[in-house]
Each structure stands twice: as C-alpha cells, then as structure tokens.
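Asker: So I've got this file, my_file-v6.cif, and it contains mmCIF, C-alpha atoms and all ligand atoms:
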data_structure
loop_
_atom_site.label_atom_id
_atom_site.label_comp_id
_atom_site.auth_asym_id
_atom_site.auth_seq_id
_atom_site.Cartn_x
_atom_site.Cartn_y
_atom_site.Cartn_z
CA MET A 164 116.57 167.84 73.01
CA VAL A 165 119.00 168.69 70.24
CA ARG A 166 121.08 171.85 70.84
CA LYS A 167 124.23 171.47 68.81
CA ILE A 168 124.64 169.65 65.49
CA GLY A 169 127.63 168.72 63.38
CA ILE A 170 127.80 168.56 59.62
CA LEU A 171 130.27 166.72 57.41
CA THR A 172 130.76 165.77 53.76
CA SER A 173 132.19 162.35 53.03
CA GLY A 174 133.29 160.19 50.09
CA GLY A 175 133.73 161.60 46.59
CA ASP A 176 132.75 165.26 46.47
CA ALA A 177 129.82 166.43 44.34
CA PRO A 178 128.67 169.84 43.08
CA GLY A 179 125.87 171.04 45.33
CA MET A 180 127.46 169.83 48.57
CA ASN A 181 128.12 173.46 49.48
CA ALA A 182 124.48 174.34 48.89
CA ALA A 183 123.61 171.47 51.25
CA ILE A 184 126.07 172.69 53.92
CA ARG A 185 124.62 176.18 53.60
CA SER A 186 121.05 174.98 53.92
CA VAL A 187 121.68 172.80 56.97
CA THR A 188 123.68 175.57 58.66
CA ARG A 189 121.23 178.38 58.00
CA VAL A 190 118.08 176.38 58.84
CA ALA A 191 119.69 175.07 62.03
CA LEU A 192 120.92 178.52 63.14
CA ASN A 193 117.50 179.99 62.44
CA ASN A 194 116.04 177.35 64.76
CA GLY A 195 118.35 178.32 67.59
CA LEU A 196 120.78 175.42 67.15
CA GLU A 197 124.55 175.67 67.27
CA VAL A 198 126.34 174.22 64.25
CA TYR A 199 129.81 172.71 63.96
CA GLY A 200 131.47 172.04 60.60
CA ILE A 201 133.61 168.92 60.62
CA HIS A 202 136.52 168.93 58.16
CA ASP A 203 137.43 166.03 55.85
CA GLY A 204 134.51 163.73 56.61
CA TYR A 205 134.80 160.96 59.18
CA LYS A 206 138.59 161.49 59.24
CA GLY A 207 138.03 164.96 60.72
CA LEU A 208 135.54 163.52 63.15
CA LEU A 209 138.13 161.02 64.33
CA GLU A 210 140.79 163.70 64.67
CA GLY A 211 138.44 166.23 66.30
CA ASN A 212 138.95 168.64 63.39
CA MET A 213 135.82 170.80 63.74
CA VAL A 214 134.93 174.48 63.84
CA PRO A 215 131.85 176.45 64.88
CA MET A 216 129.80 177.74 61.96
CA ASN A 217 127.90 180.99 61.78
CA ARG A 218 125.81 182.67 59.10
CA GLN A 219 128.89 184.10 57.39
CA SER A 220 130.68 180.74 57.32
CA VAL A 221 128.34 179.71 54.51
CA SER A 222 128.07 183.03 52.65
CA ASP A 223 128.93 183.04 48.93
CA ILE A 224 129.25 179.28 48.61
CA LEU A 225 126.01 178.41 46.79
CA SER A 226 127.63 178.69 43.38
CA ARG A 227 130.86 176.95 44.31
CA GLY A 228 131.59 173.35 43.36
CA GLY A 229 133.41 170.98 45.73
CA THR A 230 132.86 171.19 49.47
CA ILE A 231 134.18 173.92 51.77
CA LEU A 232 134.44 171.32 54.54
CA GLY A 233 136.65 169.00 52.53
CA SER A 234 135.98 165.30 52.10
CA ALA A 235 137.81 162.03 52.58
CA ARG A 236 137.28 158.29 52.53
CA LEU A 237 138.03 156.49 55.80
CA PRO A 238 137.77 152.69 55.36
CA SER A 239 138.83 152.15 59.02
CA PHE A 240 135.56 153.78 60.12
CA ARG A 241 134.11 150.25 60.08
CA GLU A 242 136.17 149.42 63.17
CA ASP A 243 134.50 149.63 66.60
CA ALA A 244 137.42 151.49 68.16
CA VAL A 245 137.30 154.18 65.47
CA GLN A 246 133.56 154.66 65.87
CA GLU A 247 133.92 154.84 69.67
CA GLU A 248 136.60 157.53 69.34
CA CYS A 249 134.32 159.53 67.01
CA VAL A 250 131.44 159.33 69.49
CA ARG A 251 133.82 160.46 72.25
CA ASN A 252 134.84 163.48 70.18
CA LEU A 253 131.21 164.38 69.56
CA ASN A 254 130.35 164.03 73.26
CA ASP A 255 133.40 166.05 74.32
CA ASN A 256 132.22 168.87 72.04
CA LYS A 257 128.61 168.41 73.21
CA ILE A 258 127.42 167.71 69.67
CA ASP A 259 124.16 165.78 69.94
CA ALA A 260 123.41 165.07 66.29
CA LEU A 261 125.01 164.96 62.87
CA VAL A 262 124.14 165.55 59.22
CA VAL A 263 126.22 163.43 56.86
CA ILE A 264 126.33 164.35 53.17
CA GLY A 265 127.72 161.61 50.95
CA GLY A 266 127.13 158.26 49.28
CA ASP A 267 126.15 154.82 50.56
CA GLY A 268 129.43 154.31 52.45
CA SER A 269 128.77 157.56 54.30
CA TYR A 270 125.23 156.36 55.06
CA ARG A 271 126.63 153.20 56.69
CA GLY A 272 128.75 155.40 58.93
CA ALA A 273 125.74 157.54 59.81
CA LEU A 274 123.76 154.44 60.73
CA ALA A 275 126.57 153.09 62.90
CA LEU A 276 126.82 156.39 64.82
CA THR A 277 123.04 156.51 65.28
CA GLN A 278 123.19 153.02 66.76
CA ARG A 279 125.80 154.38 69.18
CA GLY A 280 123.44 157.10 70.38
CA ILE A 281 124.19 160.03 68.06
CA ASN A 282 121.20 160.85 65.86
CA CYS A 283 122.44 161.14 62.27
CA ILE A 284 120.66 162.10 59.06
CA GLY A 285 122.08 161.13 55.66
CA MET A 286 121.84 163.42 52.64
CA PRO A 287 122.58 161.88 49.21
CA GLY A 288 125.60 163.69 47.79
CA THR A 289 127.27 161.95 44.86
CA ILE A 290 127.43 162.38 41.09
CA ASP A 291 126.73 158.64 40.67
CA ASN A 292 122.97 158.76 41.39
CA ASP A 293 123.39 155.34 42.94
CA ILE A 294 121.57 155.83 46.26
CA PRO A 295 118.25 154.07 46.76
CA GLY A 296 115.56 156.12 48.48
CA THR A 297 115.89 159.10 46.18
CA ASP A 298 115.22 159.68 42.50
CA PHE A 299 118.20 162.02 42.28
CA THR A 300 121.34 162.65 44.29
CA ILE A 301 122.92 166.07 44.82
CA GLY A 302 125.54 166.53 42.09
CA PHE A 303 124.10 164.20 39.46
CA ASP A 304 122.44 166.94 37.44
CA THR A 305 125.60 169.08 37.35
CA ALA A 306 127.76 166.11 36.34
CA LEU A 307 125.22 165.27 33.63
CA HIS A 308 125.46 168.83 32.28
CA THR A 309 129.25 168.53 32.18
CA CYS A 310 129.06 165.20 30.33
CA VAL A 311 126.55 166.54 27.81
CA GLU A 312 128.64 169.63 27.13
CA CYS A 313 131.76 167.50 26.56
CA VAL A 314 130.03 164.96 24.34
CA ASP A 315 128.43 167.70 22.22
CA LYS A 316 131.92 169.06 21.59
CA LEU A 317 133.30 165.64 20.79
CA ARG A 318 130.53 165.13 18.27
CA ASP A 319 131.61 168.23 16.34
CA THR A 320 135.16 167.05 15.84
CA SER A 321 134.17 163.39 15.32
CA SER A 322 131.89 164.47 12.51
CA SER A 323 134.67 166.36 10.72
CA HIS A 324 136.95 163.29 10.73
CA HIS A 325 134.53 160.37 10.32
CA ARG A 326 135.41 159.18 13.79
CA CYS A 327 133.74 157.22 16.52
CA SER A 328 134.13 158.80 19.95
CA ILE A 329 134.13 156.35 22.82
CA VAL A 330 133.47 158.37 25.95
CA GLU A 331 133.97 156.95 29.43
CA VAL A 332 131.87 158.57 32.14
CA MET A 333 131.84 157.99 35.91
CA GLY A 334 129.06 156.38 37.91
CA ASN A 335 130.89 153.76 39.92
CA HIS A 336 128.67 150.67 39.43
CA CYS A 337 125.60 152.64 38.35
CA GLY A 338 124.81 153.34 34.69
CA ASP A 339 122.64 156.44 35.23
CA LEU A 340 125.21 159.06 34.27
CA ALA A 341 126.02 157.13 31.09
CA LEU A 342 122.38 156.46 30.20
CA TYR A 343 121.17 160.02 30.78
CA THR A 344 124.16 161.37 28.83
CA ALA A 345 123.52 158.94 25.97
CA ILE A 346 119.87 159.93 25.66
CA SER A 347 120.60 163.65 26.03
CA CYS A 348 123.33 163.56 23.39
CA GLY A 349 121.71 161.15 20.94
CA ALA A 350 124.55 158.66 21.28
CA GLU A 351 124.62 155.61 19.03
CA MET A 352 125.37 153.16 21.82
CA VAL A 353 125.50 153.04 25.60
CA ILE A 354 127.41 150.47 27.61
CA THR A 355 126.66 150.24 31.35
CA PRO A 356 126.65 147.63 34.11
CA GLU A 357 122.96 147.18 33.28
CA THR A 358 123.42 146.59 29.52
CA GLY A 359 126.61 144.53 29.85
CA TYR A 360 129.33 144.63 27.20
CA ASP A 361 129.09 142.71 23.95
CA GLU A 362 131.97 143.64 21.66
CA LEU A 363 130.52 141.99 18.56
CA GLU A 364 127.25 143.86 18.99
CA VAL A 365 129.09 147.20 19.25
CA LEU A 366 131.15 146.55 16.11
CA GLU A 367 128.15 145.30 14.17
CA ARG A 368 126.10 148.39 15.03
CA LEU A 369 128.92 150.71 14.06
CA ARG A 370 129.45 148.93 10.72
CA TYR A 371 125.73 149.27 10.02
CA LEU A 372 125.85 153.01 10.82
CA ASP A 373 128.84 153.49 8.56
CA GLU A 374 127.86 151.26 5.62
CA ALA A 375 124.06 151.46 5.57
CA VAL A 376 123.24 154.81 7.22
CA HIS A 377 126.41 156.63 6.05
CA LYS A 378 126.75 158.44 9.36
CA LYS A 379 129.61 160.91 9.61
CA HIS A 380 130.32 160.13 13.23
CA ALA A 381 129.29 157.84 16.04
CA ILE A 382 129.24 158.26 19.79
CA VAL A 383 129.52 155.38 22.25
CA ILE A 384 129.02 156.25 25.92
CA VAL A 385 130.64 153.80 28.32
CA SER A 386 130.19 153.59 32.09
CA GLU A 387 133.50 153.35 33.93
CA LYS A 388 134.48 149.86 35.08
CA THR A 389 132.56 148.11 32.29
CA THR A 390 135.26 147.84 29.61
CA ASP A 391 138.61 149.32 28.54
CA VAL A 392 137.75 152.25 26.26
CA GLN A 393 141.26 152.43 24.72
CA ALA A 394 141.08 148.78 23.69
CA LEU A 395 137.57 149.27 22.34
CA SER A 396 138.70 152.28 20.36
CA SER A 397 141.47 150.22 18.65
CA LYS A 398 138.99 147.45 17.85
CA ILE A 399 136.67 149.99 16.25
CA SER A 400 139.47 151.42 14.10
CA GLN A 401 140.46 147.92 12.97
CA ASN A 402 136.99 146.49 12.36
CA THR A 403 134.75 149.32 11.17
CA GLY A 404 134.93 152.25 8.74
CA PHE A 405 135.19 154.66 11.69
CA SER A 406 138.44 155.72 13.24
CA GLY A 407 138.08 155.25 17.01
CA ARG A 408 139.08 157.84 19.61
CA ALA A 409 138.68 157.26 23.35
CA THR A 410 138.08 160.04 25.87
CA VAL A 411 137.94 159.49 29.61
CA LEU A 412 136.08 162.43 31.13
CA GLY A 413 137.42 161.68 34.62
CA HIS A 414 137.26 164.04 37.57
CA ILE A 415 136.15 167.01 35.47
CA GLN A 416 132.68 165.50 36.08
CA ARG A 417 132.99 166.15 39.80
CA GLY A 418 133.71 169.87 39.54
CA GLY A 419 132.01 173.05 38.44
CA THR A 420 129.29 175.34 39.63
CA PRO A 421 126.17 173.37 40.60
CA THR A 422 123.09 173.65 38.39
CA PRO A 423 120.00 175.39 39.81
CA SER A 424 118.37 171.98 40.07
CA ASP A 425 121.18 170.66 42.31
CA ARG A 426 121.10 173.84 44.39
CA MET A 427 117.34 173.46 44.83
CA ILE A 428 117.36 169.82 45.92
CA ALA A 429 120.34 170.44 48.22
CA SER A 430 118.53 173.37 49.86
CA LYS A 431 115.28 171.44 50.29
CA MET A 432 116.98 168.30 51.58
CA GLY A 433 119.06 170.34 54.04
CA GLU A 434 115.90 171.85 55.47
CA LYS A 435 114.34 168.40 55.84
CA ALA A 436 117.46 167.00 57.52
CA VAL A 437 117.37 169.68 60.22
CA ASP A 438 113.60 169.28 60.71
CA LEU A 439 114.09 165.55 61.33
CA LEU A 440 116.79 166.20 63.94
CA LEU A 441 114.56 168.78 65.64
CA GLU A 442 111.85 166.10 65.83
CA GLY A 443 114.37 163.81 67.54
CA ILE A 444 114.66 161.47 64.56
CA GLY A 445 117.96 159.81 63.67
CA GLY A 446 119.11 157.02 61.35
CA HIS A 447 117.09 158.39 58.45
CA CYS A 448 118.14 159.64 55.05
CA VAL A 449 116.42 162.29 52.98
CA GLY A 450 115.56 162.05 49.32
CA ILE A 451 113.43 163.39 46.52
CA ILE A 452 110.79 161.07 45.10
CA ASP A 453 108.34 162.23 42.42
CA ASN A 454 109.46 165.80 43.18
CA GLU A 455 108.56 165.52 46.89
CA ILE A 456 111.16 165.64 49.65
CA THR A 457 110.97 162.42 51.67
CA SER A 458 112.82 160.51 54.35
CA ILE A 459 113.18 156.83 55.12
CA PRO A 460 115.33 154.81 57.53
CA ILE A 461 118.91 154.46 56.25
CA GLN A 462 118.72 150.70 56.79
CA GLU A 463 115.74 150.51 54.43
CA ALA A 464 117.47 152.68 51.83
CA LEU A 465 120.56 150.47 51.88
CA GLU A 466 118.47 147.33 51.42
CA ARG A 467 116.23 148.68 48.64
CA PRO A 468 117.04 147.68 45.08
CA ARG A 469 117.97 150.58 42.84
CA LYS A 470 115.19 152.02 40.70
CA SER A 471 114.80 150.15 37.43
CA ARG A 472 115.83 152.11 34.34
CA LYS A 473 114.13 149.64 31.98
CA LYS A 474 111.90 152.32 30.48
CA LEU A 475 114.84 154.63 29.80
CA TYR A 476 116.88 151.86 28.14
CA ARG A 477 113.82 151.10 26.02
CA LEU A 478 113.53 154.78 25.12
CA PHE A 479 117.21 154.86 24.16
CA GLU A 480 116.68 151.94 21.74
CA ARG A 481 113.50 153.46 20.32
CA LEU A 482 115.38 156.68 19.55
CA PHE A 483 118.05 154.80 17.58
O1 LIG B 501 131.55 158.22 43.79
C1 LIG B 501 131.98 159.25 42.98
C2 LIG B 501 133.11 158.83 42.08
O2 LIG B 501 133.49 159.94 41.31
C3 LIG B 501 132.82 157.63 41.19
O3 LIG B 501 132.06 157.99 40.06
C4 LIG B 501 134.21 157.17 40.86
O4 LIG B 501 134.19 155.78 40.58
C5 LIG B 501 134.96 157.45 42.13
O5 LIG B 501 134.21 158.40 42.84
C6 LIG B 501 136.35 157.95 41.93
O6 LIG B 501 136.96 158.06 43.17
P1 LIG B 501 138.29 158.90 43.46
O7 LIG B 501 137.96 160.35 43.40
O8 LIG B 501 138.65 158.47 44.84
O9 LIG B 501 139.27 158.53 42.41
#
Reformat the file's structure so that it appears as structure tokens.
Answerer:
Amino acid sequence: MVRKIGILTSGGDAPGMNAAIRSVTRVALNNGLEVYGIHDGYKGLLEGNMVPMNRQSVSDILSRGGTILGSARLPSFREDAVQEECVRNLNDNKIDALVVIGGDGSYRGALALTQRGINCIGMPGTIDNDIPGTDFTIGFDTALHTCVECVDKLRDTSSSHHRCSIVEVMGNHCGDLALYTAISCGAEMVITPETGYDELEVLERLRYLDEAVHKKHAIVIVSEKTTDVQALSSKISQNTGFSGRATVLGHIQRGGTPTPSDRMIASKMGEKAVDLLLEGIGGHCVGIIDNEITSIPIQEALERPRKSRKKLYRLFERLF
C-alpha cells in the first residue's frame, strides 16, 4: 500500500508545472498520503535533496510560472549505478511512489524506476507538445499565448516598414508550437520539421505577396532547429521586395503565468496521477485525449507515433 509519495519536475520547465505540483500534493494529502517534494528533478533525487510538503507548501503557486521545485537535466540517469542510488534514496526516505512531471526523457526515467520497484506516474509537462498519449501537454497553451502576443506585435511594426518578420519559436523537434502560432496569427508561411525547408518556395511566395497581392508585411514562423533565421532574413532582403528581420523568441516562451487551460489540465492530470498510485498502478502516464483525462503505459506512449497534424497543415494552406 502506498503511504508516502515523491514529486519532481524534470527537463525544461513549463508554465503550469506549479499547478501540477499543487494538485498532486493537495489530492495526495487529502487521501492521507505523505508527500515529499524533490528539488531539481532526478539530480535532486540522486543527491537526496527532498523536503516534506504540506498544504501551505503549495499555497499561492497556481498563477506562478516555472516550478517551485526547480528542474534539471541529468543525462547520467541512464546509468544503472545512478538509478540504483536514486532507488536507495527513495527507500531510505520510505518513499514508495513518485510522480514525475516532464517530457519524454523524464518519462524514460520514470519507467526505469518503475522497473526497479518504485511505482512512477508521468505527467506531460513541456511547452513542446511533443509527448504521445496526450493531445496537449502542460505549458503548451501558455507558450502559444506568448508566441501569439509577440507575433501580433511584430506584425504591427512589420506593416509600418514593409518588412517580413521571420520568427523562430521553440518546439524541439515538434512543429506544433509553430503551426498553432502560424494559424492563430495568420502567418504567410510556416516552416517546421513536418513541412521541411525549401528556400526557393519561401522566396517565391514572398515575391508573390509583395508583387501580386501588394501586402504591407509578411510573417514567416519557423520551428527552431529547421533553418537559420538570420540567414533566411538576409536572403529575403536580397531576393524579395520585403526587408527581412529575424526574431528568436527564445526562453521567453517558457515563462509567464499559466493560462486557465494549462491550470485546468494540470489540476485534472495531478488528480489522476494520485488516483493511479492509490490503485497501485505504476509505469503509466496521464494525458488528455478528446477532453477526457486518460492514462496509458509509459512504454506504449513512448512507442506511439505523434498525432498527425495533416488536417491543420491543410487548414493553414486553405487560409492563405
Ligand atoms: O523542451 C523544452 C525546450 O524549451 C525546447 O523547446 C528547447 O529546444 C529546449 O527546451 C531548450 O533547452 P534549454 O532550456 O536547456 O536551453
């Protein structure tokens, strides 16, 4: 029977992680469980950096971005010796189960610990929306709001100067943040790992917009790691009637107060994570699919292909 659980946030932080910590803590306490907060992800677990949590530990954090527990990446967690040390620390503190909030790397860690006898539940916390087994990750909606707000502002100034704004957004190897931003902002082009990058096509479309449509501005949204936005900006200035300006939104996308939607899914998923542990289930991850909170084995989530965005790419082109 589970009596004491740990909670940690791992990988890149995401707005809404605090709402998730709050939900897991409060639901667990209200079910008679003890809760330990582990600082700095798996690194804190390895170093035994953990503190008991009570109701007040998670007061006034719903609206705060970041994570009160801190986060870190620990590549050495793949090593057997590191995992064994973590399990020892959990056993020494009599922690029977763990909730891990993070991305797919964090899920792999949660699976490894479950296989070593500690029931773990994964919660999808990342702005990238790149975790299979859920339609949306905690933090994606807030990051999308930030991107949309920034691009709307860039459009104003681009319009005044007959410029093309090339805006790089995060997403790691997933194009969702770029695609959703592009549709929400009425961008002229979107470049993601899914679309690929064709320089001639970009220049041709921009020349058409300038010469045939007489547009005052153009917006190109680019997923990070697909192409160099500074180089593309120069090409646009040299080869089209627009003057190119590149903006890399960067880590601003990871901060800020979480949207109500992120707070809601974090709260619901936290409740589900604790319920699973109370049922004695480990090695699962929670998600939201068609607006229903679900859970599937982590192994299955890691093996599933990501949801196709074909319909959304089609919509983007039909709105052009
Ligand atoms: O996974 C979240 C994310 O922000 C990605 O979008 C980005 O590629 C990466 O993390 C940046 O990592 P770091 O904060 O370590 O620079």
Asker: What are the closest atom pairs, with distances in Å to one decimal, for all residues of chain A lying within 8 Å of ligand LIG 501 (chain B)? Consider all atoms listed in the file, order rows by chain and residue number, and present the result as a tab-separated table.
Answerer:
residue	atom	partner	partner_atom	distance
A:Gly174	CA	B:LIG501	O1	6.8
A:Gly175	CA	B:LIG501	C1	4.6
A:Asp176	CA	B:LIG501	C1	7.0
A:Ala177	CA	B:LIG501	C1	7.6
A:Arg236	CA	B:LIG501	O8	7.8
A:Gly266	CA	B:LIG501	O1	7.0
A:Thr289	CA	B:LIG501	C1	5.7
A:Ile290	CA	B:LIG501	C1	5.8
A:Asp291	CA	B:LIG501	O3	5.4
A:Val332	CA	B:LIG501	O3	7.9
A:Met333	CA	B:LIG501	O3	4.2
A:Gly334	CA	B:LIG501	O3	4.0
A:Asn335	CA	B:LIG501	O4	3.9
A:His336	CA	B:LIG501	O4	7.6
A:Glu387	CA	B:LIG501	O4	7.1
A:Gly413	CA	B:LIG501	O2	8.0
A:His414	CA	B:LIG501	O2	6.7
A:Gln416	CA	B:LIG501	O2	7.7
A:Arg417	CA	B:LIG501	O2	6.4
Asker: Work out how far apart CA of Ser430 (chain A) and CA of Arg189 (chain A) are and give it in Å to one decimal.
Answerer: 9.9 Å
Asker: If you measure from CA of Met427 (chain A) to CA of Thr300 (chain A), what distance in Å do you get, rounded to one decimal?
Answerer: 11.5 Å
Asker: Can you tell me which residues surround region 362-372 of chain A at a distance of at most 8 Å, considering all atoms listed in the file, apart from same-chain residues fewer than 6 positions away, and format the answer as an NGL selection string?
Answerer: :A and (352 or 378 or 381 or 395 or 399 or 402-405)
Asker: Just the selected residues (C-alpha atoms), exported as a PDB file, keeping the file's coordinate frame, please.
Answerer:
ATOM      1  CA  MET A 352     125.370 153.160  21.820  1.00  0.00           C
ATOM      2  CA  LYS A 378     126.750 158.440   9.360  1.00  0.00           C
ATOM      3  CA  ALA A 381     129.290 157.840  16.040  1.00  0.00           C
ATOM      4  CA  LEU A 395     137.570 149.270  22.340  1.00  0.00           C
ATOM      5  CA  ILE A 399     136.670 149.990  16.250  1.00  0.00           C
ATOM      6  CA  ASN A 402     136.990 146.490  12.360  1.00  0.00           C
ATOM      7  CA  THR A 403     134.750 149.320  11.170  1.00  0.00           C
ATOM      8  CA  GLY A 404     134.930 152.250   8.740  1.00  0.00           C
ATOM      9  CA  PHE A 405     135.190 154.660  11.690  1.00  0.00           C
TER      10      PHE A 405
END
Asker: Here is a test: counting all atoms listed in the file, which residue of A:Ile415, A:Leu475, A:Leu232, A:Val437 is nearest to Lys167 (chain A)?
Answerer: A:Val437
Asker: Using only C-alpha atoms, which of A:Ile428, A:Leu276, A:Ala394, A:Ala436 sits nearest Gly179 (chain A)?
Answerer: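 Of A:Ile428, A:Leu276, A:Ala394, A:Ala436, the one nearest Gly179 (chain A), counting only C-alpha atoms, is A:Ile428.
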Asker: Please compute the CA of Lys206 (chain A)-CA of Arg426 (chain A) distance, one decimal, in Å.
Answerer: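 Distance reported for this atom pair: 26.1 Å.
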Asker: Go through A:Gly288, A:Ala306, A:Val214, A:Val330 one by one, measure the shortest atom-to-atom distance of each to Gly407 (chain A) using all atoms listed in the file, and give the residue with the smallest value.
Answerer: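 Under the stated criterion, the closest residue is A:Val330.
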Asker: Residues around (118.3, 150.8, 26.8), cut-off 12 Å, counting all atoms listed in the file - what are they as a tab-separated table (two decimals) with C-alpha atoms, in the coordinates of the input?
Answerer:
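Below you can see out_16.tsv, which holds the result:
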chain	number	residue	atom	x	y	z
A	338	GLY	CA	124.81	153.34	34.69
A	339	ASP	CA	122.64	156.44	35.23
A	341	ALA	CA	126.02	157.13	31.09
A	342	LEU	CA	122.38	156.46	30.20
A	343	TYR	CA	121.17	160.02	30.78
A	345	ALA	CA	123.52	158.94	25.97
A	346	ILE	CA	119.87	159.93	25.66
A	350	ALA	CA	124.55	158.66	21.28
A	351	GLU	CA	124.62	155.61	19.03
A	352	MET	CA	125.37	153.16	21.82
A	353	VAL	CA	125.50	153.04	25.60
A	354	ILE	CA	127.41	150.47	27.61
A	355	THR	CA	126.66	150.24	31.35
A	356	PRO	CA	126.65	147.63	34.11
A	357	GLU	CA	122.96	147.18	33.28
A	358	THR	CA	123.42	146.59	29.52
A	359	GLY	CA	126.61	144.53	29.85
A	471	SER	CA	114.80	150.15	37.43
A	472	ARG	CA	115.83	152.11	34.34
A	473	LYS	CA	114.13	149.64	31.98
A	474	LYS	CA	111.90	152.32	30.48
A	475	LEU	CA	114.84	154.63	29.80
A	476	TYR	CA	116.88	151.86	28.14
A	477	ARG	CA	113.82	151.10	26.02
A	478	LEU	CA	113.53	154.78	25.12
A	479	PHE	CA	117.21	154.86	24.16
A	480	GLU	CA	116.68	151.94	21.74
A	481	ARG	CA	113.50	153.46	20.32
A	482	LEU	CA	115.38	156.68	19.55
A	483	PHE	CA	118.05	154.80	17.58
Asker: Looking at all atoms listed in the file, which of A:Ala429, A:Cys348, A:Cys249, A:Ile444 is the one that sits closest to Ile456 (chain A)?
Answerer: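 Closest residue, counting all atoms listed in the file: A:Ala429.
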Asker: Between A:Val383, A:Ile201, A:Leu340, A:Leu208, which residue has the minimum interatomic distance to Ile170 (chain A), considering only C-alpha atoms?
Answerer: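 Smallest distance to Ile170 (chain A) is found for A:Ile201.
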Asker: My list of candidates is A:Pro423, A:Gly195, A:Gly228, A:Gly200. Which is closest to Asp304 (chain A) when distances are computed with only C-alpha atoms?
Answerer: A:Pro423
Asker: Counting only C-alpha atoms, note down every residue that has an atom within 12 Å of the point (129.7, 179.4, 45.1) (file coordinates), as a list in words.
Answerer: Pro178, Gly179, Met180, Asn181, Ala182, Ala183, Ile184, Arg185, Val221, Ser222, Asp223, Ile224, Leu225, Ser226, Arg227, Gly228, Gly229, Thr230, Ile231, Gly418, Gly419, Thr420, Pro421, Thr422, Pro423 and Arg426 of chain A
Asker: Using all atoms listed in the file, determine which residues lie at most 8 Å from Arg166 (chain A), disregarding the query and same-chain residues fewer than 2 positions distant; provide the list as a PyMOL selection string.
Answerer: chain A and resi 164+168+195-197+258-259
Asker: Keeping only C-alpha atoms, write the selected residues to a file as a short mmCIF file (atom, residue, chain, number, x, y, z; two decimals), in the coordinates of the input.
Answerer:
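Below you can see again.cif, which holds the result:
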data_model
loop_
_atom_site.label_atom_id
_atom_site.label_comp_id
_atom_site.auth_asym_id
_atom_site.auth_seq_id
_atom_site.Cartn_x
_atom_site.Cartn_y
_atom_site.Cartn_z
CA MET A 164 116.57 167.84 73.01
CA ILE A 168 124.64 169.65 65.49
CA GLY A 195 118.35 178.32 67.59
CA LEU A 196 120.78 175.42 67.15
CA GLU A 197 124.55 175.67 67.27
CA ILE A 258 127.42 167.71 69.67
CA ASP A 259 124.16 165.78 69.94
#
Asker: Give me region 207-220 of chain A from this structure - N, CA, C and O atoms, as a compact mmCIF listing (two decimals), in the first residue's frame.
Answerer:
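The file below, selection-v9.txt, is the result:
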# COMPACT_ATOMS: atom_id res chain seq x y z
N GLY A 207 18.19 16.01 -7.94
CA GLY A 207 17.85 16.10 -6.51
C GLY A 207 17.58 14.74 -5.91
O GLY A 207 17.88 14.48 -4.74
N LEU A 208 17.01 13.87 -6.75
CA LEU A 208 16.73 12.51 -6.28
C LEU A 208 18.04 11.79 -5.98
O LEU A 208 18.20 11.11 -4.97
N LEU A 209 19.00 11.98 -6.87
CA LEU A 209 20.32 11.36 -6.71
C LEU A 209 21.03 11.91 -5.48
O LEU A 209 21.71 11.17 -4.76
N GLU A 210 20.86 13.20 -5.24
CA GLU A 210 21.58 13.83 -4.11
C GLU A 210 20.78 13.77 -2.81
O GLU A 210 21.23 14.27 -1.79
N GLY A 211 19.57 13.23 -2.87
CA GLY A 211 18.73 13.15 -1.67
C GLY A 211 18.22 14.51 -1.23
O GLY A 211 17.99 14.75 -0.05
N ASN A 212 18.02 15.40 -2.22
CA ASN A 212 17.59 16.77 -1.93
C ASN A 212 16.05 16.83 -1.94
O ASN A 212 15.44 17.13 -2.96
N MET A 213 15.43 16.50 -0.82
CA MET A 213 13.96 16.43 -0.77
C MET A 213 13.42 16.97 0.54
O MET A 213 14.10 16.88 1.56
N VAL A 214 12.21 17.51 0.47
CA VAL A 214 11.61 18.11 1.68
C VAL A 214 10.15 17.67 1.80
O VAL A 214 9.47 17.47 0.79
N PRO A 215 9.66 17.52 3.04
CA PRO A 215 8.24 17.19 3.18
C PRO A 215 7.36 18.36 2.75
O PRO A 215 7.75 19.52 2.93
N MET A 216 6.24 18.04 2.16
CA MET A 216 5.32 19.08 1.67
C MET A 216 4.04 19.03 2.50
O MET A 216 3.53 17.95 2.79
N ASN A 217 3.53 20.22 2.82
CA ASN A 217 2.21 20.26 3.44
C ASN A 217 1.30 21.16 2.60
O ASN A 217 1.71 21.63 1.53
N ARG A 218 0.11 21.38 3.09
CA ARG A 218 -0.86 22.19 2.34
C ARG A 218 -0.30 23.56 1.97
O ARG A 218 -0.43 24.03 0.85
N GLN A 219 0.38 24.18 2.95
CA GLN A 219 0.91 25.53 2.73
C GLN A 219 2.08 25.55 1.74
O GLN A 219 2.33 26.57 1.11
N SER A 220 2.77 24.43 1.61
CA SER A 220 3.93 24.41 0.69
C SER A 220 3.49 24.76 -0.73
O SER A 220 4.31 25.19 -1.55
